[in-house]
Every structure is written in C-alpha cells, then in structure tokens.
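*Asks:* Data file coords_5.tsv (TSV, C-alpha atoms and all ligand atoms) is appended below.
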chain	number	residue	atom	x	y	z
V	1	MET	CA	-30.14	111.54	-83.71
V	2	GLU	CA	-33.71	110.46	-84.30
V	3	GLY	CA	-36.17	113.20	-83.53
V	4	HIS	CA	-33.68	116.09	-83.98
V	5	ILE	CA	-34.76	118.09	-86.96
V	6	LEU	CA	-32.00	120.09	-88.63
V	7	PRO	CA	-32.41	123.18	-90.79
V	8	LYS	CA	-32.19	122.24	-94.48
V	9	GLU	CA	-29.07	124.42	-94.91
V	10	CYS	CA	-27.21	121.84	-92.79
V	11	LEU	CA	-28.00	118.86	-94.88
V	12	THR	CA	-25.57	119.58	-97.67
V	13	ASN	CA	-23.14	121.96	-96.05
V	14	ASP	CA	-20.20	119.59	-95.80
V	15	ALA	CA	-20.03	119.52	-99.56
V	16	ASN	CA	-20.81	123.23	-99.86
V	17	ALA	CA	-17.39	124.75	-99.30
V	18	LYS	CA	-15.61	122.39	-101.67
V	19	LYS	CA	-18.30	122.68	-104.35
V	20	LEU	CA	-18.39	126.46	-104.07
V	21	THR	CA	-14.65	126.94	-104.32
V	22	SER	CA	-14.22	124.49	-107.21
V	23	THR	CA	-17.15	126.11	-109.10
V	24	ALA	CA	-15.62	129.55	-108.53
V	25	LEU	CA	-12.23	128.38	-109.79
V	26	LYS	CA	-13.75	126.77	-112.90
V	27	SER	CA	-15.81	129.89	-113.63
V	28	ILE	CA	-12.72	132.09	-113.33
V	29	LYS	CA	-10.81	129.77	-115.68
V	30	ARG	CA	-13.65	129.85	-118.22
V	31	GLY	CA	-13.86	133.63	-117.90
V	32	THR	CA	-17.52	133.65	-116.81
V	33	ILE	CA	-16.63	135.46	-113.60
V	34	LYS	CA	-13.70	137.72	-112.85
V	35	LYS	CA	-11.19	137.51	-110.07
V	36	LYS	CA	-11.69	140.23	-107.49
V	37	SER	CA	-9.16	142.01	-105.36
V	38	LEU	CA	-8.99	141.08	-101.71
V	39	ILE	CA	-7.57	143.19	-98.90
V	40	TYR	CA	-6.94	141.13	-95.78
V	41	LEU	CA	-6.50	143.49	-92.86
V	42	GLU	CA	-5.24	142.22	-89.50
V	43	LEU	CA	-6.12	144.34	-86.49
V	44	ASN	CA	-6.00	143.70	-82.75
V	45	GLY	CA	-5.63	139.95	-82.22
V	46	CYS	CA	-3.25	137.03	-82.31
V	47	SER	CA	-3.17	136.34	-86.10
V	48	GLY	CA	-4.68	132.94	-85.34
V	49	ASN	CA	-7.15	133.22	-88.22
V	50	ILE	CA	-4.58	133.76	-90.94
V	51	ILE	CA	-2.65	130.80	-89.49
V	52	SER	CA	-5.84	128.70	-89.58
V	53	LEU	CA	-6.47	129.72	-93.18
V	54	LEU	CA	-3.06	128.37	-94.15
V	55	ASN	CA	-4.56	124.94	-93.34
V	56	GLY	CA	-7.21	125.49	-96.04
V	57	GLU	CA	-7.77	122.59	-98.38
V	58	ASN	CA	-10.83	123.63	-100.39
V	59	PRO	CA	-8.59	124.70	-102.18
V	60	ASP	CA	-5.36	125.24	-100.28
V	61	PHE	CA	-4.75	128.85	-99.33
V	62	GLU	CA	-1.83	129.50	-101.63
V	63	TYR	CA	-3.84	128.22	-104.60
V	64	MET	CA	-6.74	130.42	-103.54
V	65	LEU	CA	-4.46	133.44	-103.39
V	66	SER	CA	-3.28	133.01	-106.93
V	67	SER	CA	-6.42	131.53	-108.53
V	68	MET	CA	-9.56	132.84	-106.86
V	69	VAL	CA	-8.62	136.40	-105.83
V	70	ASP	CA	-5.88	138.95	-106.25
V	71	ILE	CA	-4.70	139.53	-102.73
V	72	LYS	CA	-3.48	143.09	-102.51
V	73	PHE	CA	-2.61	143.42	-98.85
V	74	CYS	CA	-2.16	141.05	-95.93
V	75	ASN	CA	-0.11	142.11	-92.92
V	76	SER	CA	1.25	138.62	-92.22
V	77	LEU	CA	1.78	137.24	-95.72
V	78	MET	CA	2.98	140.11	-97.88
V	79	ALA	CA	6.64	140.61	-98.72
V	80	ALA	CA	6.48	144.42	-98.65
V	81	GLU	CA	6.93	146.17	-95.33
V	82	GLY	CA	6.74	149.65	-93.80
V	83	GLU	CA	5.48	152.48	-95.98
V	84	ASN	CA	5.95	150.33	-99.11
V	85	ALA	CA	3.21	148.03	-97.79
V	86	ILE	CA	0.92	150.98	-97.04
V	87	ASP	CA	1.60	152.29	-100.58
V	88	LEU	CA	0.20	149.02	-101.93
V	89	LEU	CA	-2.81	149.29	-99.62
V	90	ILE	CA	-3.61	152.81	-100.79
V	91	LYS	CA	-3.17	151.81	-104.44
V	92	ALA	CA	-5.56	148.86	-103.91
V	93	MET	CA	-8.23	151.24	-102.60
V	94	GLY	CA	-8.43	152.88	-106.02
V	95	LYS	CA	-10.22	149.82	-107.45
V	96	GLU	CA	-13.01	147.49	-106.32
V	97	TYR	CA	-12.10	145.12	-103.53
V	98	ILE	CA	-13.50	142.75	-100.95
V	99	LEU	CA	-12.33	143.52	-97.43
V	100	ALA	CA	-11.63	140.72	-94.96
V	101	VAL	CA	-10.86	141.86	-91.43
V	102	GLU	CA	-9.27	139.75	-88.74
V	103	GLY	CA	-8.89	141.07	-85.19
V	104	ALA	CA	-10.81	143.63	-83.17
V	105	VAL	CA	-10.82	147.40	-83.47
V	106	ALA	CA	-9.12	149.06	-80.49
V	107	LEU	CA	-10.92	152.29	-79.59
V	108	LYS	CA	-8.84	153.49	-76.63
V	109	ASN	CA	-6.87	156.73	-77.15
V	110	ASN	CA	-8.44	157.21	-80.54
V	111	GLY	CA	-7.26	153.82	-81.72
V	112	LEU	CA	-3.60	154.25	-80.78
V	113	TYR	CA	-3.52	150.86	-79.03
V	114	ASN	CA	-3.39	149.19	-82.45
V	115	ILE	CA	-1.16	150.63	-85.20
V	116	VAL	CA	-1.17	148.87	-88.56
V	117	GLY	CA	1.46	150.99	-90.31
V	118	SER	CA	2.60	154.52	-90.98
V	119	TRP	CA	2.15	156.94	-93.83
V	120	LYS	CA	4.42	159.93	-94.37
V	121	GLY	CA	5.76	159.40	-90.87
V	122	ARG	CA	2.32	159.37	-89.19
V	123	PRO	CA	0.84	156.26	-87.58
V	124	ILE	CA	-2.25	154.66	-89.10
V	125	THR	CA	-4.46	153.11	-86.45
V	126	GLY	CA	-6.52	149.99	-86.92
V	127	LEU	CA	-9.59	152.15	-86.31
V	128	GLN	CA	-8.67	154.50	-89.17
V	129	ALA	CA	-7.82	151.60	-91.49
V	130	ALA	CA	-11.06	149.73	-90.72
V	131	GLN	CA	-13.23	152.80	-91.32
V	132	MET	CA	-11.36	153.99	-94.42
V	133	LEU	CA	-11.23	150.56	-96.09
V	134	GLY	CA	-14.68	149.49	-94.90
V	135	GLU	CA	-16.44	152.51	-96.41
V	136	LYS	CA	-15.13	151.73	-99.90
V	137	ALA	CA	-15.26	147.92	-99.89
V	138	THR	CA	-17.83	146.13	-102.06
V	139	ASN	CA	-18.19	143.45	-99.38
V	140	ILE	CA	-16.83	143.03	-95.88
V	141	ILE	CA	-16.11	139.73	-94.15
V	142	ALA	CA	-15.35	139.73	-90.42
V	143	VAL	CA	-12.99	136.80	-89.93
V	144	GLY	CA	-12.98	135.28	-86.46
V	145	ALA	CA	-14.36	136.19	-83.05
V	146	CYS	CA	-12.28	139.36	-82.48
V	147	ALA	CA	-13.52	140.87	-85.75
V	148	THR	CA	-17.16	139.85	-85.29
V	149	HIS	CA	-17.70	141.02	-81.72
V	150	GLY	CA	-14.35	141.77	-80.04
V	151	GLY	CA	-13.58	138.16	-79.00
V	152	VAL	CA	-10.52	137.56	-76.83
V	153	SER	CA	-9.21	141.07	-77.56
V	154	ALA	CA	-12.32	142.48	-75.87
V	155	ALA	CA	-12.34	140.05	-72.94
V	156	LYS	CA	-12.60	141.60	-69.47
V	157	PRO	CA	-11.06	143.98	-68.50
V	158	ASN	CA	-10.58	144.93	-72.19
V	159	PRO	CA	-7.72	147.42	-71.65
V	160	SER	CA	-7.65	148.47	-75.31
V	161	GLN	CA	-11.44	149.00	-75.42
V	162	SER	CA	-11.66	146.62	-78.36
V	163	VAL	CA	-14.88	146.08	-80.29
V	164	GLY	CA	-16.01	144.13	-83.34
V	165	ILE	CA	-15.84	145.80	-86.75
V	166	GLU	CA	-19.63	146.28	-86.96
V	167	GLN	CA	-19.40	148.90	-84.23
V	168	VAL	CA	-17.17	151.18	-86.27
V	169	LEU	CA	-18.99	150.59	-89.57
V	170	PRO	CA	-22.62	150.75	-88.42
V	171	ASN	CA	-24.06	151.42	-91.87
V	172	LYS	CA	-22.29	148.62	-93.72
V	173	LYS	CA	-23.45	145.04	-94.20
V	174	ILE	CA	-20.81	142.76	-92.70
V	175	ILE	CA	-20.73	138.99	-93.15
V	176	ASN	CA	-19.78	137.59	-89.76
V	177	LEU	CA	-17.66	134.45	-89.44
V	178	PRO	CA	-17.22	134.02	-85.68
V	179	GLY	CA	-14.80	131.37	-84.44
V	180	CYS	CA	-11.52	131.31	-82.57
V	181	PRO	CA	-10.05	130.69	-85.03
V	182	VAL	CA	-12.20	130.64	-88.16
V	183	HIS	CA	-12.31	127.36	-90.10
V	184	PRO	CA	-10.66	127.73	-93.54
V	185	ASP	CA	-13.82	126.35	-95.23
V	186	TRP	CA	-16.01	129.00	-93.63
V	187	PHE	CA	-13.85	131.75	-95.08
V	188	LEU	CA	-13.05	130.20	-98.47
V	189	GLY	CA	-16.65	129.02	-98.97
V	190	THR	CA	-17.99	132.50	-98.15
V	191	LEU	CA	-15.48	134.14	-100.48
V	192	ALA	CA	-16.38	131.73	-103.32
V	193	HIS	CA	-20.09	132.43	-102.75
V	194	LEU	CA	-19.44	136.17	-102.97
V	195	LEU	CA	-17.61	135.75	-106.28
V	196	LEU	CA	-20.23	133.44	-107.79
V	197	TYR	CA	-23.59	134.58	-106.44
V	198	GLY	CA	-23.06	137.56	-104.15
V	199	GLU	CA	-23.76	137.51	-100.43
V	200	PRO	CA	-24.76	134.17	-98.92
V	201	LYS	CA	-27.99	133.86	-96.90
V	202	THR	CA	-27.31	134.85	-93.32
V	203	ASP	CA	-29.04	134.61	-89.96
V	204	ASN	CA	-30.05	137.51	-87.71
V	205	LEU	CA	-26.40	137.89	-86.62
V	206	ASP	CA	-25.18	138.03	-90.24
V	207	ARG	CA	-23.59	134.55	-90.13
V	208	PRO	CA	-23.83	132.47	-93.34
V	209	LEU	CA	-26.52	129.85	-92.82
V	210	MET	CA	-24.57	127.32	-94.85
V	211	PHE	CA	-22.09	127.05	-91.96
V	212	TYR	CA	-23.82	128.42	-88.86
V	213	SER	CA	-27.37	127.07	-88.91
V	214	ALA	CA	-27.37	124.11	-86.48
V	215	LEU	CA	-26.38	123.67	-82.87
V	216	ILE	CA	-23.33	121.51	-82.27
V	217	HIS	CA	-25.46	119.68	-79.69
V	218	ASP	CA	-27.98	118.61	-82.37
V	219	ARG	CA	-25.34	116.88	-84.48
V	220	CYS	CA	-22.99	115.70	-81.78
V	221	PRO	CA	-22.13	111.99	-81.93
V	222	ARG	CA	-22.38	111.97	-78.09
V	223	ARG	CA	-25.96	113.23	-78.09
V	224	ASN	CA	-27.40	109.84	-77.23
V	225	PHE	CA	-25.36	109.89	-73.99
V	226	PHE	CA	-26.83	113.31	-73.17
V	227	ASP	CA	-30.35	112.06	-73.86
V	228	ARG	CA	-29.80	109.06	-71.57
V	229	GLY	CA	-28.16	111.18	-68.82
V	230	ILE	CA	-24.72	109.57	-69.09
V	231	PHE	CA	-22.10	112.25	-68.45
V	232	ALA	CA	-18.29	112.36	-68.47
V	233	GLU	CA	-16.65	113.07	-65.12
V	234	LYS	CA	-13.18	113.87	-66.41
V	235	LEU	CA	-11.42	114.79	-69.64
V	236	GLY	CA	-10.81	111.67	-71.68
V	237	ASP	CA	-14.17	110.09	-70.83
V	238	LYS	CA	-16.05	109.07	-73.97
V	239	THR	CA	-19.54	110.13	-72.90
V	240	CYS	CA	-21.38	113.48	-72.97
V	241	LEU	CA	-19.20	116.39	-71.81
V	242	PHE	CA	-22.07	118.61	-70.65
V	243	LYS	CA	-21.23	118.46	-66.96
V	244	LEU	CA	-17.61	119.39	-67.67
V	245	GLY	CA	-18.89	122.64	-69.20
V	246	CYS	CA	-19.52	121.74	-72.87
V	247	ARG	CA	-21.01	124.72	-74.77
V	248	GLY	CA	-22.30	122.61	-77.67
V	249	PRO	CA	-25.92	123.20	-76.56
V	250	VAL	CA	-25.60	126.96	-77.19
V	251	THR	CA	-23.15	127.05	-80.12
V	252	LYS	CA	-24.34	127.06	-83.71
V	253	VAL	CA	-21.72	125.89	-86.19
V	254	ASP	CA	-20.87	122.78	-88.21
V	255	CYS	CA	-17.77	121.42	-86.40
V	256	PRO	CA	-19.31	117.94	-85.77
V	257	THR	CA	-19.55	117.19	-89.47
V	258	ARG	CA	-16.88	119.43	-90.97
V	259	GLN	CA	-14.13	118.79	-88.38
V	260	TRP	CA	-10.70	120.47	-88.32
V	261	ASN	CA	-7.08	120.14	-89.45
V	262	GLY	CA	-7.87	118.55	-92.78
V	263	HIS	CA	-11.23	117.26	-91.51
V	264	VAL	CA	-9.62	114.68	-89.19
V	265	ASN	CA	-10.94	115.64	-85.74
V	266	TRP	CA	-12.59	118.25	-83.55
V	267	PRO	CA	-12.57	119.14	-79.83
V	268	ILE	CA	-15.36	116.79	-78.69
V	269	GLY	CA	-13.91	114.02	-80.88
V	270	ASP	CA	-10.72	114.50	-78.87
V	271	ASP	CA	-12.60	114.32	-75.54
V	272	THR	CA	-12.52	118.04	-74.69
V	273	PRO	CA	-15.68	120.12	-74.29
V	274	CYS	CA	-16.74	122.64	-76.91
V	275	ILE	CA	-15.81	126.09	-75.52
V	276	GLY	CA	-18.32	127.95	-77.69
V	277	CYS	CA	-15.68	129.85	-79.67
V	278	ALA	CA	-18.00	130.34	-82.66
V	279	GLN	CA	-20.75	131.91	-80.59
V	280	PHE	CA	-21.20	135.65	-80.06
V	281	GLY	CA	-20.09	136.61	-76.57
V	282	PHE	CA	-17.06	134.28	-76.59
V	283	PRO	CA	-14.96	134.16	-74.47
V	284	ASP	CA	-16.51	135.92	-71.46
V	285	ALA	CA	-20.02	134.56	-72.02
V	286	MET	CA	-18.70	131.01	-72.41
V	287	ALA	CA	-16.32	130.90	-69.43
V	288	PRO	CA	-15.38	128.83	-67.51
V	289	PHE	CA	-14.26	126.46	-70.26
V	290	ILE	CA	-14.00	123.50	-67.93
V	291	ASN	CA	-15.94	122.76	-64.80
V	292	TYR	CA	-15.45	119.90	-62.34
V	293	ASP	CA	-18.19	120.97	-59.94
V	294	HIS	CA	-20.80	118.41	-60.93
V	295	ASP	CA	-23.31	119.76	-58.45
V	296	LYS	CA	-23.73	122.79	-60.68
V	297	ASP	CA	-25.00	120.71	-63.60
V	298	GLY	CA	-22.29	121.99	-65.88
V	299	LYS	CA	-23.20	125.64	-65.44
V	301	LIG	S1	-20.73	116.52	-75.65
V	301	LIG	FE1	-21.57	118.62	-75.67
V	301	LIG	S2	-22.47	118.88	-77.69
V	301	LIG	FE2	-22.14	116.69	-77.40
V	301	LIG	S3	-24.10	115.96	-76.60
V	301	LIG	FE3	-22.83	116.44	-74.82
V	301	LIG	S4	-23.36	118.59	-74.31
V	301	LIG	FE4	-24.12	118.18	-76.38
Take the structure I supplied and represent it as structure tokens, if you would.

*Replies:*
Amino acid sequence: MEGHILPKECLTNDANAKKLTSTALKSIKRGTIKKKSLIYLELNGCSGNIISLLNGENPDFEYMLSSMVDIKFCNSLMAAEGENAIDLLIKAMGKEYILAVEGAVALKNNGLYNIVGSWKGRPITGLQAAQMLGEKATNIIAVGACATHGGVSAAKPNPSQSVGIEQVLPNKKIINLPGCPVHPDWFLGTLAHLLLYGEPKTDNLDRPLMFYSALIHDRCPRRNFFDRGIFAEKLGDKTCLFKLGCRGPVTKVDCPTRQWNGHVNWPIGDDTPCIGCAQFGFPDAMAPFINYDHDKDGK
C-alpha cells in the first residue's frame, strides 16, 4: 500500500463505530445525554437492511434498541400490527424523533405501489409516510441503497417508479448510508454520533466521512496484484479481481478494514468481486457484476 495516501478520516474509522456507541451508552447512563426516539420506517425494498442490523455488535441491535434509543415504530420488529401500529406511529410524531428510512419511495399511482398501513380504513402510502414523518423529524438517516437513491427497487425498468428519499424531501438534510445492505456499524455509529455530537461530517453526497471516505481499491489487500498486472481469471483465484468486474476502484466505503458478519470476512476476502453496492447508481451503474470477457479489461 506504499504510495496510496488515505484521507485522515480513514485512519481511525475501524475503532470509530465501537467508540462512538460505547461513549453514547455511557453518556446516557450518566445522564449527560438523553435517549431519543427513533422511528424506523421500511418502504419499498426487501427488508435486507433491518436483517443486516440484527447482526450489529457495536453494540448488538437489541441492546441498542433498549439502551441507546427508544424505538417507537419499526415495521418488521414491532409487536403491534394493523391500525394499532399506525396509532403508535402517530403518537410518536407528537414528540421529537430521529427518522431512519429503509427502502425506496414508490411514486407510481400517487404512491399506491407501496402501502405501509391503513388509518381509519384508508391506505397510507410509503410516499405519504416519508413526507409526513420526514418534515417533522429532527434528523433523517437513509439506510441502504434503496433509501439513498432508489437502489434495486429503482433498477430498470423500475415499474413502481421508485426513488430515493431525498427526492421527496428536497428541503431536508438527509444523512445517506448507501449499501446493499447497510453495515450495522455504519448505522449504529451514525446514530451514536447524532446523539453525542449532532450530524457527522459528510461528503458531497451526504455520506458520513468516517465510513465512506476511501476507495475500496486503495485499501484492498489485493492491490499489489493490481499494481503488478496480475489478474484473476475465475472466481476463487487469489489475485486482483479487476478483470472479473470488481467495482472496488469506484466504490468508496470501508469494507476492506471493517469487514462483515462480525468482522470476519468480506466479498473480496471470499474471492468474489466487489459489486459496488455502496456506491450511488447501484445496481444499474455497476452491472454486470461478473465479467469473463477478459478482452474488455473488466469493463
Ligand atoms: S480486487 Fe478489486 S479492489 Fe482489490 S485491487 Fe483488485 S480491482 Fe482493486
């Protein structure tokens, strides 16, 4: 890695999420900061982000729910259902809350392609919920690729006319956490930062620099193969995956050092190319995810 200069935000970011969440928890215990309410709204998507969050270890997600925030609404995790669940959502709107949104906003037919519940017998669309909750939220976190820019839900031909949440809340600051899915540390670290210090520093696409400031390619353990022109020809090869279609050279996020599933491995560590899931434009702009036509130089 000699000669590759990394932004200073990268140098400590592996410790960041753990340090942030443990500082937030201690501060809440000591009473120096207060727990905030969190509304976790799931819109048009596969619920892959909430499943990923359940793998959280800094702290684990259940501990976070009870210790760091008061979670008021979460489509997948709450016990209440039907109008009882919407009652709780409406009650939560009466006080301050942070809004986390997973999934895209479906615009087709006035939002009717994505219904999140009903109220007094009338459907509530994801579009209505996102706008209503977003306008009143103290902070908004877009969790995962569908929420940040439409992601898989907006992939061609995009039959539901899905878009990212920024498009329906143009005047609100949104902290973007792209990824398919999001890493639990990216979400929990951002949430802890909000509780302790307010909004984290972000780049020009509103992604927290503490997680999204360096290209995967610049910290990849296979970079020396790339520099010497030694490329894998098939999945399973241990050299640079560029010619199989690796999107590490255009994807800014900290997977090489943070790793996944309890920090044990990541796609390139398991001999599959990065598919650029944490980059805006995913998936259409990153396809095809694998390429065996070596004459095209991996493009
Ligand atoms: S495997 Fe991908 S990220 Fe790693 S050096 Fe090769 S092209 Fe770059």

*Asks:* Which residue gives the smallest distance to V:Ser213 among V:Leu194, V:Cys255, V:Ile50, V:Val264, with only C-alpha atoms counted?

*Replies:*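 Of all the options, V:Cys255 lies closest to V:Ser213.
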
*Asks:* Kindly give the distance, in Å, that separates atom CA of V:Thr251 and atom CA of V:Leu196, rounded to a single decimal.

*Replies:* 28.5 Å

*Asks:* Please write out the residues within 8 Å of ligand LIG 301 (chain V) as JSON, numbers by chain, counting only C-alpha atoms and all ligand atoms.

*Replies:* {"V": [216, 217, 218, 219, 220, 221, 222, 223, 224, 225, 226, 227, 231, 239, 240, 241, 242, 243, 245, 246, 247, 248, 249, 268, 273, 274]}

*Asks:* Quick one: everything within 12 Å of V:Met64, counting all atoms listed in the file, minus sequence neighbours fewer than 3 positions away in the same chain. Send it as an MDAnalysis selection string.

*Replies:* chainID V and resid 21:22 24:25 28 35:38 53:61 67:71 184:185 187:189 191:192

*Asks:* Do you have the atom CA of V:Gly276-atom CA of V:Leu235 distance handy?

*Replies:* 16.9 Å

*Asks:* Could you check how far atom CA of V:Val168 sits from atom CA of V:Tyr97, in Å to one decimal?

*Replies:* 19.0 Å
